[in-house]
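Pasting protein_17.pdb here (PDB, C-alpha atoms, pLDDT in the B column):
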```pdb
MODEL        1
ATOM      1  CA  MET A  16       0.000   0.000   0.000  1.00 94.00           C
ATOM      2  CA  LYS A  17       1.077   3.598  -0.529  1.00 98.00           C
ATOM      3  CA  ALA A  18       0.707   6.678   1.655  1.00 98.00           C
ATOM      4  CA  ARG A  19       1.736  10.326   1.476  1.00 98.00           C
ATOM      5  CA  SER A  20       2.499  12.968   4.085  1.00 97.00           C
ATOM      6  CA  VAL A  21       2.694  16.633   3.106  1.00 97.00           C
ATOM      7  CA  ILE A  22       4.502  18.514   5.848  1.00 96.00           C
ATOM      8  CA  GLU A  23       4.495  22.309   6.089  1.00 94.00           C
ATOM      9  CA  ALA A  24       7.338  22.799   8.519  1.00 90.00           C
ATOM     10  CA  GLY A  25       6.460  26.275   9.760  1.00 87.00           C
ATOM     11  CA  ILE A  26       8.644  29.349  10.027  1.00 88.00           C
ATOM     12  CA  CYS A  27      11.303  27.982   7.639  1.00 91.00           C
ATOM     13  CA  GLY A  28       8.679  28.042   4.883  1.00 93.00           C
ATOM     14  CA  PHE A  29       9.612  24.659   3.434  1.00 95.00           C
ATOM     15  CA  THR A  30       7.070  22.040   2.437  1.00 96.00           C
ATOM     16  CA  THR A  31       8.171  18.424   2.260  1.00 97.00           C
ATOM     17  CA  THR A  32       6.253  15.635   0.545  1.00 98.00           C
ATOM     18  CA  VAL A  33       6.905  12.089   1.659  1.00 98.00           C
ATOM     19  CA  ASP A  34       5.672   9.090  -0.334  1.00 98.00           C
ATOM     20  CA  VAL A  35       5.887   5.669   1.286  1.00 98.00           C
ATOM     21  CA  ASP A  36       5.267   2.328  -0.409  1.00 98.00           C
ATOM     22  CA  CYS A  37       5.178  -0.804   1.789  1.00 98.00           C
ATOM     23  CA  THR A  38       5.194  -4.469   0.926  1.00 97.00           C
ATOM     24  CA  ASP A  39       5.269  -7.008   3.761  1.00 96.00           C
ATOM     25  CA  TYR A  40       6.093  -4.195   6.208  1.00 96.00           C
ATOM     26  CA  GLU A  41       9.264  -3.230   4.332  1.00 97.00           C
ATOM     27  CA  CYS A  42       8.909   0.333   3.104  1.00 98.00           C
ATOM     28  CA  THR A  43      10.468   2.569   0.496  1.00 98.00           C
ATOM     29  CA  VAL A  44      10.578   6.251   1.445  1.00 98.00           C
ATOM     30  CA  GLU A  45      10.721   9.025  -1.166  1.00 98.00           C
ATOM     31  CA  ILE A  46      11.244  12.582   0.061  1.00 98.00           C
ATOM     32  CA  GLN A  47      10.733  15.704  -2.067  1.00 97.00           C
ATOM     33  CA  SER A  48      11.635  19.072  -0.559  1.00 97.00           C
ATOM     34  CA  ASP A  49      13.287  22.390  -1.338  1.00 93.00           C
ATOM     35  CA  CYS A  50      14.867  22.320   2.125  1.00 95.00           C
ATOM     36  CA  PRO A  51      18.636  21.916   1.703  1.00 94.00           C
ATOM     37  CA  ASN A  52      18.837  19.820   4.881  1.00 94.00           C
ATOM     38  CA  MET A  53      16.359  17.330   3.438  1.00 95.00           C
ATOM     39  CA  GLN A  54      18.781  16.449   0.644  1.00 92.00           C
ATOM     40  CA  ARG A  55      21.158  14.549   2.976  1.00 93.00           C
ATOM     41  CA  TYR A  56      18.225  13.168   4.948  1.00 96.00           C
ATOM     42  CA  ARG A  57      16.655  11.807   1.760  1.00 96.00           C
ATOM     43  CA  GLU A  58      19.928  10.148   0.729  1.00 96.00           C
ATOM     44  CA  GLN A  59      20.223   8.319   4.057  1.00 96.00           C
ATOM     45  CA  LEU A  60      16.574   7.362   4.601  1.00 97.00           C
ATOM     46  CA  GLN A  61      15.262   5.387   1.650  1.00 97.00           C
ATOM     47  CA  HIS A  62      14.182   2.079   3.191  1.00 97.00           C
ATOM     48  CA  VAL A  63      12.672   1.321   6.609  1.00 97.00           C
ATOM     49  CA  SER A  64      10.854  -1.469   8.395  1.00 96.00           C
ATOM     50  CA  ALA A  65       7.340  -0.486   9.458  1.00 96.00           C
ATOM     51  CA  PHE A  66       7.655  -2.291  12.783  1.00 93.00           C
ATOM     52  CA  THR A  67      10.905  -0.495  13.643  1.00 93.00           C
ATOM     53  CA  GLU A  68       9.387   2.893  12.804  1.00 95.00           C
ATOM     54  CA  MET A  69       6.191   2.514  14.816  1.00 91.00           C
ATOM     55  CA  SER A  70       7.715   1.615  18.191  1.00 89.00           C
ATOM     56  CA  TYR A  71      10.568   2.498  20.527  1.00 88.00           C
ATOM     57  CA  ARG A  72      10.815  -1.178  21.497  1.00 87.00           C
ATOM     58  CA  GLY A  73      14.099  -2.516  20.217  1.00 79.00           C
ATOM     59  CA  GLY A  74      15.563   0.917  19.502  1.00 85.00           C
ATOM     60  CA  ARG A  75      14.690   4.230  17.949  1.00 91.00           C
ATOM     61  CA  PRO A  76      12.856   4.633  14.652  1.00 95.00           C
ATOM     62  CA  LEU A  77      15.300   5.088  11.781  1.00 96.00           C
ATOM     63  CA  ALA A  78      13.493   8.308  10.776  1.00 97.00           C
ATOM     64  CA  PHE A  79      14.479   9.830  14.154  1.00 96.00           C
ATOM     65  CA  GLU A  80      17.956   8.308  14.268  1.00 96.00           C
ATOM     66  CA  THR A  81      18.765   9.659  10.796  1.00 97.00           C
ATOM     67  CA  ALA A  82      17.302  13.070  11.654  1.00 97.00           C
ATOM     68  CA  GLU A  83      19.612  13.299  14.652  1.00 96.00           C
ATOM     69  CA  LYS A  84      22.602  12.818  12.353  1.00 95.00           C
ATOM     70  CA  VAL A  85      21.731  15.232   9.536  1.00 95.00           C
ATOM     71  CA  LEU A  86      19.007  17.708  10.528  1.00 95.00           C
ATOM     72  CA  PRO A  87      20.006  20.803  12.518  1.00 94.00           C
ATOM     73  CA  HIS A  88      16.584  21.526  14.079  1.00 93.00           C
ATOM     74  CA  THR A  89      15.103  19.179  16.669  1.00 93.00           C
ATOM     75  CA  ALA A  90      11.642  20.672  16.134  1.00 94.00           C
ATOM     76  CA  CYS A  91      11.524  19.687  12.446  1.00 95.00           C
ATOM     77  CA  PRO A  92       8.206  17.838  11.974  1.00 96.00           C
ATOM     78  CA  VAL A  93       9.330  15.849   8.906  1.00 97.00           C
ATOM     79  CA  PRO A  94      10.485  12.733  10.804  1.00 97.00           C
ATOM     80  CA  VAL A  95       7.093  12.436  12.500  1.00 96.00           C
ATOM     81  CA  GLY A  96       5.365  12.898   9.136  1.00 97.00           C
ATOM     82  CA  ILE A  97       7.463  10.041   7.758  1.00 97.00           C
ATOM     83  CA  VAL A  98       6.548   7.727  10.628  1.00 97.00           C
ATOM     84  CA  LYS A  99       2.856   8.535  10.179  1.00 97.00           C
ATOM     85  CA  ALA A 100       3.037   7.773   6.444  1.00 98.00           C
ATOM     86  CA  VAL A 101       4.858   4.494   7.140  1.00 98.00           C
ATOM     87  CA  GLU A 102       2.143   3.427   9.591  1.00 97.00           C
ATOM     88  CA  VAL A 103      -0.578   4.123   7.044  1.00 98.00           C
ATOM     89  CA  ALA A 104       1.264   2.539   4.119  1.00 98.00           C
ATOM     90  CA  ALA A 105       1.874  -0.597   6.199  1.00 98.00           C
ATOM     91  CA  GLU A 106      -1.824  -0.629   7.179  1.00 97.00           C
ATOM     92  CA  LEU A 107      -0.926  -0.312  10.852  1.00 96.00           C
ATOM     93  CA  ALA A 108      -2.866   2.951  11.275  1.00 96.00           C
ATOM     94  CA  PHE A 109      -5.685   4.812   9.577  1.00 96.00           C
ATOM     95  CA  PRO A 110      -4.862   8.053   7.746  1.00 96.00           C
ATOM     96  CA  ARG A 111      -5.671  11.037   9.901  1.00 95.00           C
ATOM     97  CA  ASP A 112      -4.200  14.533   9.848  1.00 95.00           C
ATOM     98  CA  VAL A 113      -1.981  15.654  12.702  1.00 92.00           C
ATOM     99  CA  VAL A 114      -2.125  19.330  13.669  1.00 92.00           C
ATOM    100  CA  ILE A 115       0.244  21.264  15.885  1.00 90.00           C
ATOM    101  CA  THR A 116      -0.827  24.830  16.556  1.00 91.00           C
ATOM    102  CA  VAL A 117       1.842  27.075  18.035  1.00 90.00           C
ATOM    103  CA  SER A 118       1.178  30.561  19.385  1.00 92.00           C
ATOM    104  CA  LYS A 119       2.447  33.001  21.952  1.00 92.00           C
ATOM    105  CA  VAL A 120       0.407  33.398  25.100  1.00 94.00           C
ATOM    106  CA  GLU A 121       0.374  36.747  26.836  1.00 91.00           C
ATOM    107  CA  ASP A 122       0.311  36.847  30.635  1.00 82.00           C
TER
ENDMDL
END
```

As structure tokens, the full file:
Amino acid sequence: MKARSVIEAGICGFTTTVDVDCTDYECTVEIQSDCPNMQRYREQLQHVSAFTEMSYRGGRPLAFETAEKVLPHTACPVPVGIVKAVEVAAELAFPRDVVITVSKVED
């Protein structure tokens, strides 16, 4: 099965599209983005196991481990978008949008 995440990262202004295709829980990840940091990330994250990505049991998801090595911003939402697409493509979760709303709060 195939799934797609479109991630609008926020203040950086970059949009990243992630296409995931899974067969027998082994997944191919394709990342398209104008973000220069995503170029190295894309090169290093092309294949993942759905079961590794959906749980912290047995180690960290490869999407997070790779992000730690090549992405400068810990708040980048792309790795989470990848994990969500993997879950859907592997039929381990239903597709549902995730929303994070960030705002300042005055005292």

TODO: Could you tell me how far CA of Val93 in chain A lies from CA of Arg57 in chain A, in Å and to one decimal?
DONE: 11.0 Å

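Of the residues listed (A:Ser20, A:Glu80, A:Val95, A:Val85), A:Val85 shows the shortest atom-to-atom separation from Glu58 in chain A; distances use only C-alpha atoms.
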
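With only C-alpha atoms as the atoms that count, the residue of A:Val113, A:Met53, A:Val63, A:Cys91 with the shortest distance to Thr38 in chain A is A:Val63.
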
Task: Residues in the PyMOL selection byres ((chain A and resi 31) around 12), expressed as JSON, numbers by chain - done: {"A": [19, 20, 21, 22, 23, 24, 25, 27, 28, 29, 30, 32, 33, 34, 45, 46, 47, 48, 49, 50, 51, 52, 53, 54, 56, 57, 91, 92, 93, 94, 95, 96, 97]}

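Across the model, the gap from CA of His62 in chain A to CA of Thr81 in chain A is 11.7 Å.
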
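Near Cys37 in chain A, within 6 Å and counting only C-alpha atoms, sit Met16, Cys42, Ala104 and Ala105 of chain A; same-chain residues fewer than 5 positions away were not included.
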